[in-house]
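The structure appears right after this line, and notes come after that.
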Amino acid sequence: MSTVTEQPTTTLKKGYVGQSIPRKEDKRLVQGQGTFFDDVRRHGMGYVHFVRSPYAHAKIVSIDVSKALELEGVYGTITGDEVAIHTDPFFEMSVEPGGNIKDYALAVGRVRHMGEPVAAVCAATRELARDAADLIEVDYDPLPVLVDAEESLKNEVVLHDDAGSNVVWSGVFDWGDVDQALADADHVVKIDRLHFHRFSSTPLECAGALVEYDKGTGEWTLTCNHQMPGVGAIWMAPALRTGIDKLRFVTHDIGGGFGNKICLHPQYVVLCLMARKLGRPVQWTEWRTDQHTANAHGNERTFFDVEVAVKADGEMTGFKVRALDDCGAFPRYEPLGCIIWAQVTPGLYGWRNIRVDFTQVCTNKSPVSPNRGYSRMQHLWLTERIVDIVATELGLDPVEVRKRNYVKAEQMPYETPNGCVYDSGDYAAALDIALDLIDYGSVEARRSEAASRGKLLGFGIGSTLDSGTNNFGQSTLLNPDLQFSGNNEAASVKLDIFGEVVVTLGTVPQGQGHETTAAQVVADILGCSPDQVNVRRGHDTWFNSHAGFSGTYASQFAFTGLGAVKGAAELVREEMIQLAAAVLQAPPDVIELADGFARIKDGPEEAALPFMALGAIINANNAFLPPEFNPTLNHRFVCRPYFGMVDTEKKTGQLTLTYATQIHAAVVEVDPETGEVEIVDYAAVDDCGVRINPQIVEGQVHGATAHAIGAALSEDFVYDEEGTLLTANFYDYHVPHAMDMPPLKTGAMESPSPVAPLGAKGMGEGGGGGIHCIGAAIQDALRAAGGAIVYTSCNPPHRVWSMLQDPEANSAHVEVVSR
Amino acid sequence: MLLREVEYARPATVEDAVSLLATHDGARPLAGGQTLVNVMKARAAAPDVLVDLADLDELRTIGFSSDGLLEIGAMVTYAQLMSSSEVDVARPILAEVASTIADVQVRNRGTVGGNVCVSDPTNHLPPLLAALGATFTIRGAAGERTVSADEFFLGVYMTAVGEGELLTKVSVPPSSGAGDGFAGVTIGKHGTYIVDAAATVAGDNVAIALGCVAAAPVRAAAMEKRLAGSDFSEATVRGAAEGLGETLDPPSDVHGSADYRRRLAEVSAVRAVLQAAGRRKER
Amino acid sequence: MEAPTRSRAISVEVNGEQIEMEVPARRLLVHFIRDDLGLTGTHVGCDTGNCGACTIHLDGEPVKSCMALAVQADGTKIRTVEALAADGELTALQQAFNAHHALQCGYCTPGMLMSATALLERNPRPTEDEVRYALQGNICRCTGYVNIVEAVMATGSGA
């Protein structure tokens with residue numbers, strides 16, 4: 001019934017795959033008939049509100065819930081003390097001392113970020129739960145607040161006594177010989193500081209869950225929007241001291257994830273405890289302010305003391321950098337971010353000598369969670385900043401220096417200095433398409449024209465990679481004791497009694513159109529139309545169609561998700577052919593599946609069995625089949641990509657299997673009086689190999705671009721010295737609205753992946769392509785007005801204005817040492 | 001996101017509304033709700049009683065007084081301003097600015113009265129109405145009185161409307177050939193202002209009001225004086241704006257430092273004045 | 001003159017059906033629609049009235065139902081996304097959303113449809129700028145608005 005093998009790569013003959021067929025999901029969603037977790041009701045359910053810390057760092061002196069319990073309609077409460085009794089701390093992935101951090105579902109004894117849940121109350125209505133929360137009295141003793149990663153390194157204020165240090169993880173990655181490269185260089189470009197800021201994708205639907213506990217079986221059912229239930233269960237089950245199969249995750253429709261719905265386990269554990277304690281279903285909906293304050297920021301990373309080795313002809317041979325990552329109050333999915341960037345160590349470039357001295361620390365800010373582009377985005381931004389700054393300082397053309405240093409198409413598959421293999425791609429060609437789309441040749445003329453209107457025009461490129469299909473073995477490069485390696489995803493395909501094709505996925509889509517693309521793949525394999533294929537919505541543990549790493553994250557559905565679908569469909573196909581051959585009394589090699597029939601190729605019309613006939617035989621009319629022939633037409637398949645083992649000493653290995661390319665280019669106009677930046681032209685080119693559904697791919701490019709534009713120009717999670725998040729709602733944390741978006745031109749190429757089952761690479765994260773090109777364009781615009789060097793990834797008007805007023809003080813400090 | 005318990009009344013007349021506001025401590029009028037409901041969701045304020053003005057048709061009219069003032073009822077929405085032929089004829093800048101407030105949904109509910117009574121320094125209408133020389137009519141148990149913008153906007157969330165009183169209308173002089181301008185920098189398109197300036201050039205004189213830089217709109221008095229009787233050319237206007245920033249003490253926040261706001265105030269004032277000067281009609 | 005009350009009996013026409021119900025004064029219109037009436041197509045996406053996922057028609061105009069109280073809807077006519085496809089037949093706009101891939105996760109979609117429907121009812125052939133202006137109060141984090149605008153324009157031109 002189930003098979004685990006490595007995947008040979010075959011490309012499907014094009015049928016539905018490759019077409020932009022409209023999505024199956026849309027019919028229910030456009031009618032408002034989608035089911036999001038907050039739409040679900042249970043009889044007798046209670047609503048939960050979390051009491052959250054108003055302090056960024058404090059001891060909890062006491063919690064008094066008595067007044068809340070007196071309020072009519074309140075069902076019960078829970079505090080950190082109870083959590084510490086009934087659960088164990090969550091599994092930590094780091095080595096000591098970071099690995100000694102104790103992370104519970106509620107704050108125990110101490111709060112470490114503003115908004116951290118301290119207690120929870122459950123009541124008959126949402127409003128009552130909120131009222132009751134106001135009656136819970138918490139007494140705090142404030143402690144000094146750490147909101148700066150460099151301060152945190154000093155360990156004068158230590159956030160986690162169990163660790164004794166704020167350092168979550170630290171290590172040096174050293175490949176090639178960067179010291180020699182620097183010694184041999186004709187120019188060494190030094191950049192003292194670059195800063196990748198804190199922001200996140202802020203999916204429109206907030207997190208939440210409806211949790212039920214079955215006393216008889218000890219099982220919990222979580223109707224929720226966790227986007228990586230496999231990992232969620234790995235955290236939650238040991239904490240709850242229960243078996244993993246006692247946690248049933250059910251998702252239906254999810255309103256966006258982007259990585260921000262991966263670390264929901266603390267709140268979910270609280271809900272599990274309450275459902276069990278109160279003997280009723282309990283429901284929690286996160287509010288927007290909570291999501292911004294206390295759920296899932298992207299990693300904030302500062303790069304120090306960059307040194308780049310450059311030859312006279314513009315070839316860059318290596319760089320070194322010290323990276324300081326701020327993961328907020330609790331690591332959770334971290335320190336994986338400390339290695340995941342290494343999937344794209346050299347970015348799109350050919351340098352062979354790279355040293356990264358990487359440290360991650362805790363601060364009193366919201367914990368981070370993988371955010372669209374997770375950790376690669378920060379590193380790719382670094383490489384793009386390096387290329388632009390080198391180009392600016394040495395007077396090199398930004399297009400030429402990229403083409404000179406890009407990995408070439410002829411070099412693919414290309415092994416990077418740390419053993420990753422870029423499977424395919426033609427970066428220079430993609431760049432040319434982008435340049436063509438924004439009419440690069442006219443940039444100088446447009447610059448003069450803009451100047452006549454008092455505006456500073458600038459042009460910038462952002463090259464980025466969507467590395468996909470993770471090897472979880474990379475975690476052992478951080479902690480050799482971790483028992484993770486490889487990857488997997490599962491799917492099932494069956495043919496039901498009436499000939500209905502039913503597919504269940506292990507993935508957890510939040511808008512990526514998995515129902516549609518899976519149907520396209522199955523339709524081509526089984527010879528029917530996608531309308532005949534029913535792909536069940538969402539994820540359900542009880543589908544038994546998932547594996548340890550199941551979920552939708554890290555740009556891998558097209559490989560692992562569809563790889564699993566393909567594998568299961570092919571097993572069903574094979575049996576359908578064998579069965580039809582037996583019924584039609586013909587050899588299997590003359591049987592074809594087409595138009596919803598299994599029939600003899602070029603045979604008489606009667607020699608055709610509809611799927612219904614096959615389904616009926618297997619399920620209800622199977623006596624005539626010989627005993628040794630036992631088709632089930634119901635298969636579960638696990639796609640297990642092959643990586644090989646990583647080398648924990650050299651910190652090398654194949655960390656991901658596919659690399660989609662995105663090249664972005666922007667033309668901006670800066671108002672020198674106000675610092676406002678307007679994007680006047682924009683192009684994004686994507687190459688994700690074979691596109692199963694080009695329209696869906698393009699939609700992902702649009703969305704990733706919008707996220708990048710928001711991050712580059714306005715979205716910033718800013719803290720004050722007391723650890724208060726100043727941008728906790730959509731007024732102050734401005735995301736692009738319809739009028740904020742520039743005209744977007746998109747282009748596509750297909751460099752099929754030689755390693756993916758369908759030649760299709762995972763894509764969708766966009767790696768911050770827009771963040772890179774907008775920063776570059778701003779820097780280009782400012783060359784005519786002080787020449788500030790963009791040093792940070794978010795440049796709202798006030799920052800651009802500062803760069804105009806005082807270019808030196810508000811930019812990366814760059815020094816060039818030439819031979 | 002969820003309100004505290006509150007009591008609600010929906011009076012049929014302005015007198016009843018005023019009476020309710022006077023009788024109940026902690027009573028607040030509810031107009032469009034585009035600010036008050038959010039404030040209550042955040043539990044930043046929790047009135048005990050909401051007096052819904054929705055049925056007070058008297059407050060929804062736009063018309064002219066006997067001496068030609070454009071009279072705008074306090075419950076007139078931004079959308080109504082945009083579609084009003086009276087506004088279009090008498091003072092189109094009101095519709096122009098209203099059309100940039102947030103979005104369609106907000107404009108269908110948000111009211112002129114709400115915008116000015118909230119007196120949030122970043123709101124659009126206070127500096128605009130201050131520059132236009134608007135007056136504000138307030139009704140209470142003791143009767144009715146009309147005050148100037150200076151007297152009306154007292155501070156952040158503070159106006160001359162006292163306990164038990166209601167703003168009933170805003171009266172705006174017709175342009176009569178004056179040119180009006182409005183300029184500033186927002187957080188995103190049609191977002192909240194970081195700094196804004198309103199200007200009216202009528203004959204030889206200009207009125208300039210700055211928003212977002214103080215608790216209430218600030219008149220740029222020195223700049224107004226320098227420009228009186230001038231040619232309103234770009235060079236002149238820029239020259240007149242010099243030093244304006246130094247007279248201000250604006251807030252510093254995540255969207256900009258005090259210094260940034262000082263400079264933006266100068267830039268916005270210049271742009272608003274130039275726009276206004278360019279729109280003056282021949283006499 | 002009545003005294004203020006903590007709850008109120010309201011009568012509101014919702015999607016053509018007259019509803020009579022006693023509601024707490026503090027209940028938001030969006031929660032009345034979702035929790036009391038079970039019409040869960042209208043969504044909540046933020047706390048501060050910015051995102052527009054809660055957009056409905058109140059007396060024919062698009063408004064954000066998270067910034068209105070249920071009691072304020074007394075005596076009004078409300079239309080939610082569920083009213084668009086009468087008898088399961090999608091409107092031209094809904095079909096265009098599907099054809100042009102104007103939705104990904106679908107969470108902002110009901111609000112978008114309500115805002116766009118209101119636009120097209122007043123302005124059957126909007127320009128791109130007019131479409132963006134009409135949708136400025138509806139945040140989408142998935143699509144970048146590109147295909148949404150395209151779908152509305154296509155519906156407008158009768159395509």
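Labels used: A, B, ... for chains in the order of the structure tokens, numbers from 1 for residues in each chain, and numbers from 1 for ligands as shown.
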With 8 Å as the limit and counting only C-alpha atoms, what residues in chain B lie close to chain A? Please list them as a short mmCIF file (atom, residue, chain, number, x, y, z; two decimals) with C-alpha atoms, in the first residue's frame.
```cif
data_model
loop_
_atom_site.label_atom_id
_atom_site.label_comp_id
_atom_site.auth_asym_id
_atom_site.auth_seq_id
_atom_site.Cartn_x
_atom_site.Cartn_y
_atom_site.Cartn_z
CA MET B 1 -11.03 44.23 19.53
CA LEU B 2 -14.04 43.67 21.74
CA LEU B 3 -15.86 46.50 23.43
CA ARG B 4 -16.69 46.85 27.08
CA VAL B 185 3.43 63.54 3.40
CA ILE B 187 2.17 56.96 5.49
CA GLY B 188 1.37 55.26 2.21
CA LYS B 189 -1.09 56.55 -0.38
CA GLY B 191 -2.72 57.15 4.63
CA THR B 192 -2.32 59.06 7.85
CA VAL B 254 8.57 56.00 14.36
CA HIS B 255 7.57 57.89 11.21
CA GLY B 256 9.98 60.73 11.66
CA SER B 257 12.09 62.79 14.00
CA TYR B 260 12.24 65.78 9.87
CA LEU B 264 8.45 68.69 6.14
CA VAL B 267 8.11 71.93 2.39
#
```
Please run DSSP on the backbone and report, as a PDB file with N, CA and C atoms, in the first residue's frame, all residues within chain C that come out as alpha helix (DSSP H).
```pdb
ATOM      1  N   LEU C  29     -20.860  44.938  14.438  1.00  0.00           N
ATOM      2  CA  LEU C  29     -21.682  44.430  13.336  1.00  0.00           C
ATOM      3  C   LEU C  29     -21.062  43.183  12.719  1.00  0.00           C
ATOM      4  N   VAL C  30     -19.742  43.152  12.608  1.00  0.00           N
ATOM      5  CA  VAL C  30     -19.112  41.987  11.987  1.00  0.00           C
ATOM      6  C   VAL C  30     -19.325  40.727  12.827  1.00  0.00           C
ATOM      7  N   HIS C  31     -19.347  40.854  14.137  1.00  0.00           N
ATOM      8  CA  HIS C  31     -19.580  39.683  14.976  1.00  0.00           C
ATOM      9  C   HIS C  31     -21.049  39.283  14.971  1.00  0.00           C
ATOM     10  N   ALA C  92     -20.747  37.817 -12.703  1.00  0.00           N
ATOM     11  CA  ALA C  92     -19.682  38.014 -13.692  1.00  0.00           C
ATOM     12  C   ALA C  92     -18.376  38.357 -12.982  1.00  0.00           C
ATOM     13  N   LEU C  93     -18.474  39.138 -11.904  1.00  0.00           N
ATOM     14  CA  LEU C  93     -17.271  39.517 -11.169  1.00  0.00           C
ATOM     15  C   LEU C  93     -16.635  38.309 -10.489  1.00  0.00           C
ATOM     16  N   GLN C  94     -17.455  37.477  -9.866  1.00  0.00           N
ATOM     17  CA  GLN C  94     -16.921  36.278  -9.211  1.00  0.00           C
ATOM     18  C   GLN C  94     -16.260  35.364 -10.235  1.00  0.00           C
ATOM     19  N   GLN C  95     -16.892  35.252 -11.400  1.00  0.00           N
ATOM     20  CA  GLN C  95     -16.300  34.421 -12.453  1.00  0.00           C
ATOM     21  C   GLN C  95     -14.983  35.018 -12.933  1.00  0.00           C
ATOM     22  N   ALA C  96     -14.951  36.321 -13.022  1.00  0.00           N
ATOM     23  CA  ALA C  96     -13.718  36.981 -13.459  1.00  0.00           C
ATOM     24  C   ALA C  96     -12.605  36.775 -12.440  1.00  0.00           C
ATOM     25  N   PHE C  97     -12.952  36.777 -11.152  1.00  0.00           N
ATOM     26  CA  PHE C  97     -11.940  36.515 -10.119  1.00  0.00           C
ATOM     27  C   PHE C  97     -11.332  35.139 -10.342  1.00  0.00           C
ATOM     28  N   ASN C  98     -12.164  34.195 -10.697  1.00  0.00           N
ATOM     29  CA  ASN C  98     -11.677  32.836 -10.940  1.00  0.00           C
ATOM     30  C   ASN C  98     -10.833  32.786 -12.210  1.00  0.00           C
ATOM     31  N   ALA C  99     -11.351  33.399 -13.265  1.00  0.00           N
ATOM     32  CA  ALA C  99     -10.640  33.338 -14.550  1.00  0.00           C
ATOM     33  C   ALA C  99      -9.284  34.027 -14.480  1.00  0.00           C
ATOM     34  N   THR C 109     -11.000  38.038  -0.056  1.00  0.00           N
ATOM     35  CA  THR C 109     -11.846  38.003  -1.253  1.00  0.00           C
ATOM     36  C   THR C 109     -13.271  38.497  -1.031  1.00  0.00           C
ATOM     37  N   PRO C 110     -13.966  38.050   0.003  1.00  0.00           N
ATOM     38  CA  PRO C 110     -15.324  38.581   0.180  1.00  0.00           C
ATOM     39  C   PRO C 110     -15.352  40.106   0.266  1.00  0.00           C
ATOM     40  N   GLY C 111     -14.448  40.671   1.031  1.00  0.00           N
ATOM     41  CA  GLY C 111     -14.392  42.127   1.151  1.00  0.00           C
ATOM     42  C   GLY C 111     -14.082  42.786  -0.178  1.00  0.00           C
ATOM     43  N   MET C 112     -13.148  42.212  -0.920  1.00  0.00           N
ATOM     44  CA  MET C 112     -12.800  42.733  -2.245  1.00  0.00           C
ATOM     45  C   MET C 112     -14.020  42.702  -3.160  1.00  0.00           C
ATOM     46  N   LEU C 113     -14.725  41.586  -3.130  1.00  0.00           N
ATOM     47  CA  LEU C 113     -15.894  41.436  -4.002  1.00  0.00           C
ATOM     48  C   LEU C 113     -16.952  42.472  -3.653  1.00  0.00           C
ATOM     49  N   MET C 114     -17.145  42.717  -2.372  1.00  0.00           N
ATOM     50  CA  MET C 114     -18.169  43.689  -1.982  1.00  0.00           C
ATOM     51  C   MET C 114     -17.760  45.098  -2.423  1.00  0.00           C
ATOM     52  N   SER C 115     -16.506  45.450  -2.232  1.00  0.00           N
ATOM     53  CA  SER C 115     -16.054  46.776  -2.672  1.00  0.00           C
ATOM     54  C   SER C 115     -16.129  46.899  -4.180  1.00  0.00           C
ATOM     55  N   ALA C 116     -15.699  45.864  -4.882  1.00  0.00           N
ATOM     56  CA  ALA C 116     -15.694  45.924  -6.348  1.00  0.00           C
ATOM     57  C   ALA C 116     -17.103  45.902  -6.904  1.00  0.00           C
ATOM     58  N   THR C 117     -17.989  45.131  -6.285  1.00  0.00           N
ATOM     59  CA  THR C 117     -19.382  45.093  -6.735  1.00  0.00           C
ATOM     60  C   THR C 117     -20.013  46.468  -6.597  1.00  0.00           C
ATOM     61  N   ALA C 118     -19.735  47.116  -5.471  1.00  0.00           N
ATOM     62  CA  ALA C 118     -20.287  48.466  -5.272  1.00  0.00           C
ATOM     63  C   ALA C 118     -19.761  49.414  -6.333  1.00  0.00           C
ATOM     64  N   LEU C 119     -18.489  49.306  -6.653  1.00  0.00           N
ATOM     65  CA  LEU C 119     -17.901  50.165  -7.690  1.00  0.00           C
ATOM     66  C   LEU C 119     -18.614  49.950  -9.014  1.00  0.00           C
ATOM     67  N   LEU C 120     -18.733  48.685  -9.410  1.00  0.00           N
ATOM     68  CA  LEU C 120     -19.297  48.384 -10.726  1.00  0.00           C
ATOM     69  C   LEU C 120     -20.767  48.758 -10.799  1.00  0.00           C
ATOM     70  N   GLU C 121     -21.454  48.742  -9.659  1.00  0.00           N
ATOM     71  CA  GLU C 121     -22.858  49.149  -9.663  1.00  0.00           C
ATOM     72  C   GLU C 121     -22.982  50.642  -9.951  1.00  0.00           C
ATOM     73  N   ARG C 122     -21.991  51.423  -9.527  1.00  0.00           N
ATOM     74  CA  ARG C 122     -22.046  52.865  -9.772  1.00  0.00           C
ATOM     75  C   ARG C 122     -21.341  53.249 -11.069  1.00  0.00           C
ATOM     76  N   GLU C 128      -8.373  51.855 -14.549  1.00  0.00           N
ATOM     77  CA  GLU C 128      -7.542  51.163 -13.560  1.00  0.00           C
ATOM     78  C   GLU C 128      -7.383  51.998 -12.301  1.00  0.00           C
ATOM     79  N   ASP C 129      -7.176  53.293 -12.469  1.00  0.00           N
ATOM     80  CA  ASP C 129      -7.037  54.159 -11.286  1.00  0.00           C
ATOM     81  C   ASP C 129      -8.291  54.134 -10.437  1.00  0.00           C
ATOM     82  N   GLU C 130      -9.443  54.129 -11.106  1.00  0.00           N
ATOM     83  CA  GLU C 130     -10.701  54.114 -10.357  1.00  0.00           C
ATOM     84  C   GLU C 130     -10.866  52.796  -9.606  1.00  0.00           C
ATOM     85  N   VAL C 131     -10.400  51.718 -10.214  1.00  0.00           N
ATOM     86  CA  VAL C 131     -10.501  50.426  -9.534  1.00  0.00           C
ATOM     87  C   VAL C 131      -9.614  50.431  -8.293  1.00  0.00           C
ATOM     88  N   ARG C 132      -8.382  50.884  -8.444  1.00  0.00           N
ATOM     89  CA  ARG C 132      -7.466  50.889  -7.288  1.00  0.00           C
ATOM     90  C   ARG C 132      -8.000  51.794  -6.176  1.00  0.00           C
ATOM     91  N   TYR C 133      -8.567  52.907  -6.582  1.00  0.00           N
ATOM     92  CA  TYR C 133      -9.141  53.848  -5.620  1.00  0.00           C
ATOM     93  C   TYR C 133     -10.288  53.186  -4.849  1.00  0.00           C
ATOM     94  N   ALA C 134     -11.098  52.425  -5.576  1.00  0.00           N
ATOM     95  CA  ALA C 134     -12.240  51.767  -4.941  1.00  0.00           C
ATOM     96  C   ALA C 134     -11.809  50.636  -4.025  1.00  0.00           C
ATOM     97  N   VAL C 146      -2.552  42.679  -8.382  1.00  0.00           N
ATOM     98  CA  VAL C 146      -2.451  42.765  -9.842  1.00  0.00           C
ATOM     99  C   VAL C 146      -3.654  42.098 -10.512  1.00  0.00           C
ATOM    100  N   ASN C 147      -3.882  40.836 -10.159  1.00  0.00           N
ATOM    101  CA  ASN C 147      -4.962  40.105 -10.822  1.00  0.00           C
ATOM    102  C   ASN C 147      -6.338  40.534 -10.351  1.00  0.00           C
ATOM    103  N   ILE C 148      -6.414  41.061  -9.136  1.00  0.00           N
ATOM    104  CA  ILE C 148      -7.697  41.565  -8.645  1.00  0.00           C
ATOM    105  C   ILE C 148      -8.132  42.750  -9.517  1.00  0.00           C
ATOM    106  N   VAL C 149      -7.223  43.671  -9.731  1.00  0.00           N
ATOM    107  CA  VAL C 149      -7.534  44.833 -10.562  1.00  0.00           C
ATOM    108  C   VAL C 149      -7.894  44.382 -11.972  1.00  0.00           C
ATOM    109  N   GLU C 150      -7.144  43.427 -12.461  1.00  0.00           N
ATOM    110  CA  GLU C 150      -7.405  42.910 -13.814  1.00  0.00           C
ATOM    111  C   GLU C 150      -8.801  42.298 -13.895  1.00  0.00           C
ATOM    112  N   ALA C 151      -9.180  41.552 -12.878  1.00  0.00           N
ATOM    113  CA  ALA C 151     -10.495  40.901 -12.874  1.00  0.00           C
ATOM    114  C   ALA C 151     -11.620  41.936 -12.852  1.00  0.00           C
ATOM    115  N   VAL C 152     -11.449  42.975 -12.056  1.00  0.00           N
ATOM    116  CA  VAL C 152     -12.495  44.001 -11.979  1.00  0.00           C
ATOM    117  C   VAL C 152     -12.589  44.753 -13.304  1.00  0.00           C
ATOM    118  N   MET C 153     -11.444  45.071 -13.873  1.00  0.00           N
ATOM    119  CA  MET C 153     -11.435  45.772 -15.161  1.00  0.00           C
ATOM    120  C   MET C 153     -12.078  44.903 -16.246  1.00  0.00           C
ATOM    121  N   ALA C 154     -11.753  43.614 -16.209  1.00  0.00           N
ATOM    122  CA  ALA C 154     -12.309  42.713 -17.227  1.00  0.00           C
ATOM    123  C   ALA C 154     -13.818  42.642 -17.101  1.00  0.00           C
ATOM    124  N   THR C 155     -14.305  42.619 -15.873  1.00  0.00           N
ATOM    125  CA  THR C 155     -15.754  42.585 -15.671  1.00  0.00           C
ATOM    126  C   THR C 155     -16.366  43.879 -16.190  1.00  0.00           C
ATOM    127  N   GLY C 156     -15.688  44.976 -15.930  1.00  0.00           N
ATOM    128  CA  GLY C 156     -16.178  46.272 -16.368  1.00  0.00           C
ATOM    129  C   GLY C 156     -16.271  46.384 -17.873  1.00  0.00           C
TER     130      GLY C 156
END
```
Interface list for chain C, partner chain A, 8 Å threshold, only C-alpha atoms, as number ranges by chain: C: 34, 40-42, 44-48, 50-51, 81-82, 84-85, 90, 94, 97-101, 103-110, 113, 129, 132-133, 135-147
Once you count only C-alpha atoms, what closest atom pair and distance in Å to one decimal does each residue of chain C within 8 Å of chain B have, with rows by chain and rising residue number, as CSV?
```
residue,atom,partner,partner_atom,distance
C:Met1,CA,B:Asp16,CA,7.1
C:Glu2,CA,B:Ala9,CA,7.2
C:Ala3,CA,B:Ala9,CA,6.7
C:Pro4,CA,B:Ala9,CA,4.5
C:Thr5,CA,B:Glu7,CA,4.8
C:Arg6,CA,B:Glu7,CA,4.4
C:Ser7,CA,B:Glu7,CA,7.3
C:Ala25,CA,B:Tyr8,CA,6.0
C:Arg26,CA,B:Leu3,CA,5.6
C:Arg27,CA,B:Leu3,CA,7.3
C:Leu28,CA,B:Leu2,CA,7.8
C:Asp47,CA,B:Met1,CA,5.5
C:Thr48,CA,B:Asn38,CA,5.6
C:Gly49,CA,B:Asn38,CA,7.0
C:Thr55,CA,B:Gln105,CA,7.6
C:Glu61,CA,B:Asn108,CA,7.0
C:Pro62,CA,B:Gln105,CA,5.3
C:Val63,CA,B:Gln105,CA,4.2
C:Lys64,CA,B:Gln105,CA,5.9
C:Met67,CA,B:Val37,CA,5.6
C:Ala68,CA,B:Gly33,CA,6.4
C:Leu69,CA,B:Val37,CA,7.9
C:Gln72,CA,B:Asp52,CA,7.9
C:Tyr133,CA,B:Asp103,CA,7.4
C:Ala134,CA,B:Val104,CA,6.2
C:Leu135,CA,B:Asp103,CA,7.7
C:Gln136,CA,B:Asp103,CA,5.6
C:Gly137,CA,B:Asp103,CA,4.9
```
Record the distance separating CA of Asp466 in chain A and CA of Ile438 in chain A, expressed in Å with one decimal. 22.4 Å
Strand (DSSP E) per DSSP on the backbone: members of range 500-590 of chain A, as an MDAnalysis selection string: chainID A and resid 501:505 533:535
Write the selection just made, keeping N, CA and C atoms, as a PDB file, in the first residue's frame?
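This is the output file out-v7.pdb:
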```pdb
ATOM      1  N   VAL A 501     -12.047   9.987  -8.462  1.00  0.00           N
ATOM      2  CA  VAL A 501     -10.640  10.017  -8.076  1.00  0.00           C
ATOM      3  C   VAL A 501     -10.515  10.970  -6.894  1.00  0.00           C
ATOM      4  N   VAL A 502      -9.989  10.481  -5.804  1.00  0.00           N
ATOM      5  CA  VAL A 502      -9.858  11.306  -4.603  1.00  0.00           C
ATOM      6  C   VAL A 502      -8.392  11.396  -4.203  1.00  0.00           C
ATOM      7  N   VAL A 503      -7.944  12.582  -3.981  1.00  0.00           N
ATOM      8  CA  VAL A 503      -6.552  12.833  -3.593  1.00  0.00           C
ATOM      9  C   VAL A 503      -6.519  13.485  -2.227  1.00  0.00           C
ATOM     10  N   THR A 504      -5.636  12.979  -1.359  1.00  0.00           N
ATOM     11  CA  THR A 504      -5.399  13.703  -0.107  1.00  0.00           C
ATOM     12  C   THR A 504      -3.928  14.084  -0.054  1.00  0.00           C
ATOM     13  N   LEU A 505      -3.682  15.278   0.432  1.00  0.00           N
ATOM     14  CA  LEU A 505      -2.327  15.815   0.477  1.00  0.00           C
ATOM     15  C   LEU A 505      -1.840  15.847   1.913  1.00  0.00           C
ATOM     16  N   VAL A 533     -11.167  15.017 -10.647  1.00  0.00           N
ATOM     17  CA  VAL A 533     -10.280  14.712  -9.528  1.00  0.00           C
ATOM     18  C   VAL A 533     -10.691  15.564  -8.335  1.00  0.00           C
ATOM     19  N   ASN A 534     -11.051  14.912  -7.262  1.00  0.00           N
ATOM     20  CA  ASN A 534     -11.442  15.639  -6.059  1.00  0.00           C
ATOM     21  C   ASN A 534     -10.261  15.653  -5.098  1.00  0.00           C
ATOM     22  N   VAL A 535      -9.655  16.820  -4.941  1.00  0.00           N
ATOM     23  CA  VAL A 535      -8.553  16.931  -3.988  1.00  0.00           C
ATOM     24  C   VAL A 535      -9.134  17.461  -2.689  1.00  0.00           C
TER      25      VAL A 535
END
```
